[in-house]
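Accompanying notes for the structure given below.
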Amino acid sequence: MSQGTGLNDILWDMFNQGTLLFPAAALSVTDVNRQVKDLLEQDLILEDLWVQGEVSNLSTPASGHAYFTLKDEKSSLKCVIWRSSLTGTARSALQNGSAVEAHGKIGVYERDGIYQLYADKVRPVGQGRLFEEFLRLKEKLEKEGLFDPARKRALPSMPRRIGIVTSPSGAALQDMLNTIRNRWPLAEVLIAPAAVQGATAPAELTEAFDRLEQKRPDVILIGRGGGSLEDLWAFNDEQLVRRIAASAVPVVSGVGHETDFSLVDFAADLRAPTPTG
């Protein structure tokens with residue numbers, strides 16, 4: 001390099017030798033999502049495939065489309081099927097807990113930067129593990145007479161003490177308290193807090209129920225807000241269901257939405273469609 005070489009010449013030599021790199025211009029978020037979308041949609045396998053999994057988080061809004069998640073033991077995949085493809089077969093197959101095969105293509109929803117399966121066909125491959133367990137346990141307890149309508153007791157028309165078993169932080173508790181205040185504000189309310197979801201929930205719900213029953217309320221309400229079959233699974237626990245059926249106090253269950261059913265609902269003296277109900 002000569003003594004008279006200018007700075008521009010030095011930089012140019014470094015660039016040509018690969019020792020000087022100029023950073024590329026930053027891409028926008030939209031540019032990145034579009035690039036990912038283009039790459040995925042060029043993959044021939046992802047353009048035409050069947051995916052098998054268990055349905056969860058099913059949502060069917062007023063638009064008529066169906067949004068759901070397919071999952072196995074290790075992963076989950078967001079899916080959507082448009083109203084025009086939601087045939088009778090697909091509609092009956094799409095139930096939380098059901099095992100299905102969904103056909104379609106993988107695409108990217110650019111706005112949220114997520115990839116999902118855009119399904120055009122859904123067919124059943126049998127009922128999912130959780131739902132099979134639900135039906136097995138329901139049949140077992142039904143044969144033992146735990147759900148017999150003859151066992152159901154009438155509720156007190158003017159309860160003095162109302163017990164509630166639910167999560168202390170959930171919206172369901174506020175819904176129940178607001179309804180009680182509006183309809184029967186003279187009643188004393190006893191709350192037994194417990195987890196309503198997760199591995200510890202069945203034991204916590206059972207223990208909370210035991211504590212509350214010892215206080216001899218006139219009626220006990222047990223419930224939580226809506227969720228998937230997995231979210232509501234604590235209310236299908238065999239020990240909890242047996243405890244509800246053996247209660248010395250009449251029990252009202254309000255688990256999930258109107259279309260959700262748990263085994264606690266069948267064991268209780270009355271099932272409410274929702275916690276508010």
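In the structure tokens, chains take letters A, B, ... by order of appearance, with residues numbered from 1 within each chain and ligands from 1 in the order shown.
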
Tell me which protein, DNA and RNA residues are within 12 Å of A:Ala246, counting only C-alpha atoms, leaving out same-chain ones fewer than 6 positions away, and put them as a JSON list (two decimals) with N, CA and C atoms, in the first residue's frame.
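What landed in selection19.json:
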[["chain", "number", "residue", "atom", "x", "y", "z"],
["A", 145, "GLY", "N", -74.02, -46.19, 40.28],
["A", 145, "GLY", "CA", -75.18, -45.44, 40.73],
["A", 145, "GLY", "C", -74.90, -44.04, 41.23],
["A", 146, "LEU", "N", -73.66, -43.55, 41.04],
["A", 146, "LEU", "CA", -73.31, -42.23, 41.56],
["A", 146, "LEU", "C", -74.07, -41.11, 40.85],
["A", 147, "PHE", "N", -74.53, -41.35, 39.63],
["A", 147, "PHE", "CA", -75.21, -40.30, 38.87],
["A", 147, "PHE", "C", -76.73, -40.53, 38.82],
["A", 151, "ARG", "N", -80.86, -40.03, 43.48],
["A", 151, "ARG", "CA", -80.00, -39.59, 44.57],
["A", 151, "ARG", "C", -80.01, -38.07, 44.72],
["A", 152, "LYS", "N", -80.51, -37.37, 43.71],
["A", 152, "LYS", "CA", -80.44, -35.91, 43.73],
["A", 152, "LYS", "C", -81.36, -35.33, 44.80],
["A", 153, "ARG", "N", -80.85, -34.33, 45.50],
["A", 153, "ARG", "CA", -81.62, -33.68, 46.56],
["A", 153, "ARG", "C", -82.09, -32.30, 46.12],
["A", 206, "THR", "N", -60.71, -31.18, 46.52],
["A", 206, "THR", "CA", -61.26, -32.14, 47.48],
["A", 206, "THR", "C", -61.06, -31.66, 48.91],
["A", 209, "PHE", "N", -63.32, -28.74, 49.65],
["A", 209, "PHE", "CA", -64.69, -29.20, 49.84],
["A", 209, "PHE", "C", -64.87, -29.78, 51.24],
["A", 210, "ASP", "N", -63.87, -30.57, 51.69],
["A", 210, "ASP", "CA", -63.94, -31.15, 53.04],
["A", 210, "ASP", "C", -64.03, -30.05, 54.10],
["A", 213, "GLU", "N", -67.50, -28.33, 53.98],
["A", 213, "GLU", "CA", -68.62, -29.15, 54.45],
["A", 213, "GLU", "C", -68.67, -29.19, 55.98],
["A", 239, "GLN", "N", -61.63, -39.19, 42.64],
["A", 239, "GLN", "CA", -61.76, -38.96, 44.08],
["A", 239, "GLN", "C", -62.67, -37.76, 44.36],
["A", 240, "LEU", "N", -62.50, -36.69, 43.58],
["A", 240, "LEU", "CA", -63.35, -35.51, 43.76],
["A", 240, "LEU", "C", -64.80, -35.83, 43.44],
["A", 264, "VAL", "N", -68.11, -34.06, 37.66],
["A", 264, "VAL", "CA", -68.66, -33.39, 38.83],
["A", 264, "VAL", "C", -70.09, -32.93, 38.56],
["A", 267, "ALA", "N", -72.39, -35.79, 39.22],
["A", 267, "ALA", "CA", -72.47, -36.19, 40.62],
["A", 267, "ALA", "C", -73.21, -35.17, 41.48],
["A", 268, "ALA", "N", -73.21, -33.91, 41.06],
["A", 268, "ALA", "CA", -73.84, -32.84, 41.85],
["A", 268, "ALA", "C", -75.36, -33.00, 41.85],
["A", 269, "ASP", "N", -75.99, -32.35, 42.81],
["A", 269, "ASP", "CA", -77.47, -32.40, 42.87],
["A", 269, "ASP", "C", -78.10, -31.55, 41.78]]

For stretch 61-164 of chain A against stretch 223-232 of chain A, with a cut-off of 10 Å and counting only C-alpha atoms, what is the closest atom pair and its distance in Å to one decimal for every residue that makes the cut, ordered by chain and number, as JSON lines?
{"residue": "A:Gln95", "atom": "CA", "partner": "A:Leu229", "partner_atom": "CA", "distance": 9.7}
{"residue": "A:Asn96", "atom": "CA", "partner": "A:Leu229", "partner_atom": "CA", "distance": 6.2}
{"residue": "A:Gly97", "atom": "CA", "partner": "A:Leu229", "partner_atom": "CA", "distance": 6.3}
{"residue": "A:Leu130", "atom": "CA", "partner": "A:Leu229", "partner_atom": "CA", "distance": 7.7}
{"residue": "A:Phe131", "atom": "CA", "partner": "A:Leu229", "partner_atom": "CA", "distance": 7.9}
{"residue": "A:Phe134", "atom": "CA", "partner": "A:Leu229", "partner_atom": "CA", "distance": 9.6}
{"residue": "A:Ile164", "atom": "CA", "partner": "A:Gly223", "partner_atom": "CA", "distance": 8.2}

Just the residues within 10 Å of A:Val108, please, counting only C-alpha atoms, with nothing from its chain fewer than 4 positions along; format it as a list in words.
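Skipping anything fewer than 4 positions along the chain leaves Asn33, Arg34, Gln35, Val36, Lys37, Asp38, Leu39, Leu40, Glu41, Asp112, Gly113, Ile114, Tyr115, Gln116, Leu117 and Tyr118 of chain A.
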
Selection export as a JSON list (two decimals), in the first residue's frame, atoms kept: C-alpha atoms:
[["chain", "number", "residue", "atom", "x", "y", "z"],
["A", 33, "ASN", "CA", -43.07, -12.31, 8.14],
["A", 34, "ARG", "CA", -43.57, -12.12, 4.39],
["A", 35, "GLN", "CA", -40.19, -13.72, 3.78],
["A", 36, "VAL", "CA", -41.03, -16.58, 6.15],
["A", 37, "LYS", "CA", -44.43, -16.94, 4.49],
["A", 38, "ASP", "CA", -42.84, -17.16, 1.04],
["A", 39, "LEU", "CA", -40.33, -19.78, 2.21],
["A", 40, "LEU", "CA", -42.96, -21.99, 3.86],
["A", 41, "GLU", "CA", -45.37, -21.76, 0.96],
["A", 112, "ASP", "CA", -49.38, -12.02, 14.14],
["A", 113, "GLY", "CA", -46.31, -13.69, 12.70],
["A", 114, "ILE", "CA", -47.59, -17.21, 13.37],
["A", 115, "TYR", "CA", -47.74, -20.21, 11.11],
["A", 116, "GLN", "CA", -50.77, -22.48, 11.09],
["A", 117, "LEU", "CA", -52.52, -25.20, 9.18],
["A", 118, "TYR", "CA", -55.19, -23.91, 6.81]]

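Computed from the coordinates, the atom CA of A:Leu221 to atom CA of A:Ser98 distance equals 29.6 Å.
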
Provide the atom CA of A:Leu86 to atom CA of A:Ala119 distance in Å, to one decimal place.
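Pair atom CA of A:Leu86 / atom CA of A:Ala119 returns 9.3 Å.
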
Name the residues of stretch 3-237 of chain A that fall into alpha helix (DSSP H) according to DSSP on the backbone, using the chain letters and numbers of this document, as a short mmCIF file (atom, residue, chain, number, x, y, z; two decimals) with C-alpha atoms, in the first residue's frame.
data_model
loop_
_atom_site.label_atom_id
_atom_site.label_comp_id
_atom_site.auth_asym_id
_atom_site.auth_seq_id
_atom_site.Cartn_x
_atom_site.Cartn_y
_atom_site.Cartn_z
CA LEU A 7 -8.85 6.36 3.03
CA ASN A 8 -11.42 5.51 0.37
CA ASP A 9 -8.89 3.32 -1.44
CA ILE A 10 -8.02 1.51 1.81
CA LEU A 11 -11.66 0.82 2.60
CA TRP A 12 -12.30 -0.36 -0.94
CA ASP A 13 -9.39 -2.81 -0.76
CA MET A 14 -10.68 -4.17 2.58
CA PHE A 15 -14.17 -4.59 1.17
CA ASN A 16 -12.84 -6.49 -1.88
CA VAL A 29 -41.49 -6.84 10.78
CA THR A 30 -43.82 -7.19 7.81
CA ASP A 31 -40.86 -7.92 5.52
CA VAL A 32 -39.65 -10.70 7.84
CA ASN A 33 -43.07 -12.31 8.14
CA ARG A 34 -43.57 -12.12 4.39
CA GLN A 35 -40.19 -13.72 3.78
CA VAL A 36 -41.03 -16.58 6.15
CA LYS A 37 -44.43 -16.94 4.49
CA ASP A 38 -42.84 -17.16 1.04
CA LEU A 39 -40.33 -19.78 2.21
CA LEU A 40 -42.96 -21.99 3.86
CA LEU A 44 -44.17 -28.85 -1.61
CA ILE A 45 -44.67 -31.10 1.44
CA LEU A 46 -46.24 -28.30 3.45
CA GLU A 47 -48.53 -27.36 0.56
CA GLY A 88 -70.91 -32.11 8.33
CA THR A 89 -68.09 -34.63 8.70
CA ALA A 90 -65.60 -31.97 9.72
CA ARG A 91 -68.07 -30.34 12.09
CA SER A 92 -68.84 -33.59 13.91
CA ALA A 93 -65.16 -34.59 14.05
CA ARG A 129 -56.97 -40.14 25.08
CA LEU A 130 -58.56 -37.71 27.54
CA PHE A 131 -62.05 -38.08 26.14
CA GLU A 132 -61.73 -41.87 26.14
CA GLU A 133 -60.73 -41.70 29.81
CA PHE A 134 -63.70 -39.39 30.48
CA LEU A 135 -66.12 -41.89 28.92
CA ARG A 136 -64.50 -44.87 30.69
CA LEU A 137 -64.75 -43.26 34.12
CA LYS A 138 -68.26 -41.94 33.44
CA GLU A 139 -69.45 -45.44 32.56
CA LYS A 140 -67.79 -46.92 35.65
CA LEU A 141 -69.32 -44.41 38.08
CA GLU A 142 -72.67 -44.53 36.32
CA LYS A 143 -72.84 -48.29 36.85
CA ALA A 171 -63.67 -14.49 37.20
CA ALA A 172 -66.05 -17.30 38.18
CA LEU A 173 -65.89 -16.32 41.86
CA GLN A 174 -66.83 -12.71 41.13
CA ASP A 175 -69.67 -13.87 38.88
CA MET A 176 -71.08 -16.07 41.65
CA LEU A 177 -70.68 -13.41 44.33
CA ASN A 178 -72.36 -10.76 42.16
CA THR A 179 -75.27 -13.08 41.42
CA ILE A 180 -75.71 -13.95 45.11
CA ARG A 181 -75.64 -10.26 46.08
CA ASN A 182 -78.27 -9.47 43.47
CA ARG A 183 -80.59 -12.39 44.18
CA ALA A 201 -56.09 -29.01 41.51
CA PRO A 202 -57.97 -32.29 42.22
CA ALA A 203 -56.46 -32.66 45.69
CA GLU A 204 -56.93 -28.95 46.48
CA LEU A 205 -60.57 -29.04 45.38
CA THR A 206 -61.26 -32.14 47.48
CA GLU A 207 -59.57 -30.69 50.56
CA ALA A 208 -61.38 -27.36 50.14
CA PHE A 209 -64.69 -29.20 49.84
CA ASP A 210 -63.94 -31.15 53.04
CA ARG A 211 -63.16 -27.95 54.98
CA LEU A 212 -66.27 -26.25 53.72
CA GLU A 213 -68.62 -29.15 54.45
CA GLN A 214 -67.46 -29.16 58.07
#

Just checking: using only C-alpha atoms, which residue out of A:Pro185, A:Pro250, A:Pro61, A:Gly277 ends up closest to A:Pro217?
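Comparing A:Pro185, A:Pro250, A:Pro61, A:Gly277 against A:Pro217, the winner is A:Pro250.
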
Enumerate, as a PyMOL selection string, the complete set of residues in stretch 43-270 of chain A that a backbone-based DSSP assignment places in strand (DSSP E).
chain A and resi 49-59+66-71+76-81+98-109+114-127+161-166+188-193+219-224+251-255+270

With distances taken over only C-alpha atoms, which of A:Thr276, A:Ser56, A:Ser157, A:Asn236 is nearest to A:Gly254?
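Smallest separation from A:Gly254 among the options: A:Thr276.
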
Hey, which of A:Leu270, A:Arg243, A:Val122, A:Asp218 ends up closest to A:Thr87? Count only C-alpha atoms.
A:Val122

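Distances to A:Pro159 were evaluated for A:Glu101, A:Glu188, A:Asp43, A:Glu73 using only C-alpha atoms, and the minimum falls at A:Glu188.
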
With only C-alpha atoms as the atoms that count, which of A:Val125, A:Ala150, A:Met158, A:Ser247 lies nearest to A:Leu186?
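Using only C-alpha atoms, the shortest distance to A:Leu186 belongs to A:Met158.
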